[in-house]
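> I'd like to ask some things about the structure below.
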Amino acid sequence: MDTLRLNYSNRTLEIVAKIMNSYATKYDCTVKYNSTYNALDFSGNDSHKIAIAHETSYILNEA
């Protein structure tokens, strides 16, 4: 499982992980919050990371 580092951190990272994981299941991947490193753990095909991040960014920016 790779760690996906983000440029920011806040208390809602765990919620973002849950939203990202919802999109990740579409690509047969998983995204989970890693409280030890305050990062997201990604598991799956690396080529899908960008699509998952893009879809999550889109919905968060539209709200």
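Order determines the names: the first chain of the structure tokens is A, the second B, and so forth; residues in each chain are numbered 1 upward, and ligands are numbered 1 upward as they are shown.
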DSSP on the backbone, alpha helix (DSSP H) only: what residues of chain A does that give? Format it as a CSV table (one decimal) with C-alpha atoms, in the first residue's frame.


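Writing done, so here's out-v7.csv:
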```csv
chain,number,residue,atom,x,y,z
A,13,LEU,CA,-8.7,14.5,6.1
A,14,GLU,CA,-10.4,11.4,7.3
A,15,ILE,CA,-13.7,12.5,5.7
A,16,VAL,CA,-11.8,13.3,2.5
A,17,ALA,CA,-10.4,9.7,2.6
A,18,LYS,CA,-13.9,8.3,2.9
A,19,ILE,CA,-15.1,10.4,-0.1
A,20,MET,CA,-12.1,9.4,-2.1
A,21,ASN,CA,-12.6,5.7,-1.2
A,22,SER,CA,-16.1,5.9,-2.7
A,23,TYR,CA,-14.6,6.9,-6.0
A,24,ALA,CA,-11.8,4.5,-5.7
A,25,THR,CA,-14.1,1.5,-5.5
A,26,LYS,CA,-15.3,2.4,-9.0
A,49,LYS,CA,-4.7,7.8,-8.7
A,50,ILE,CA,-5.1,10.8,-10.9
A,51,ALA,CA,-8.7,10.0,-11.9
A,52,ILE,CA,-9.7,9.4,-8.3
A,53,ALA,CA,-8.1,12.6,-7.1
A,54,HIS,CA,-9.7,14.5,-10.0
A,55,GLU,CA,-13.2,13.2,-9.4
A,56,THR,CA,-12.9,13.9,-5.6
A,57,SER,CA,-11.5,17.5,-6.3
A,58,TYR,CA,-14.4,18.2,-8.7
A,59,ILE,CA,-17.1,17.3,-6.2
A,60,LEU,CA,-15.4,19.1,-3.3
A,61,ASN,CA,-14.9,22.3,-5.4
A,62,GLU,CA,-18.5,22.2,-6.6
```

> Using atom CA of A:Cys29 and atom CA of A:Thr12 as the two end points, give the distance in Å to one decimal.

21.1 Å

> Select from chain A everything DSSP, run on the backbone, classes as strand (DSSP E), then give the selection as a list in words.

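Here is the list: Asp2, Thr3, Leu4, Thr30, Val31, Lys32, Tyr33, Asn34, Ala39, Leu40, Asp41, Phe42 and Ser43 of chain A.
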
> Atom CA of A:Ser47 and atom CA of A:Asn34, how far apart in Å?

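It comes out at 21.2 Å.
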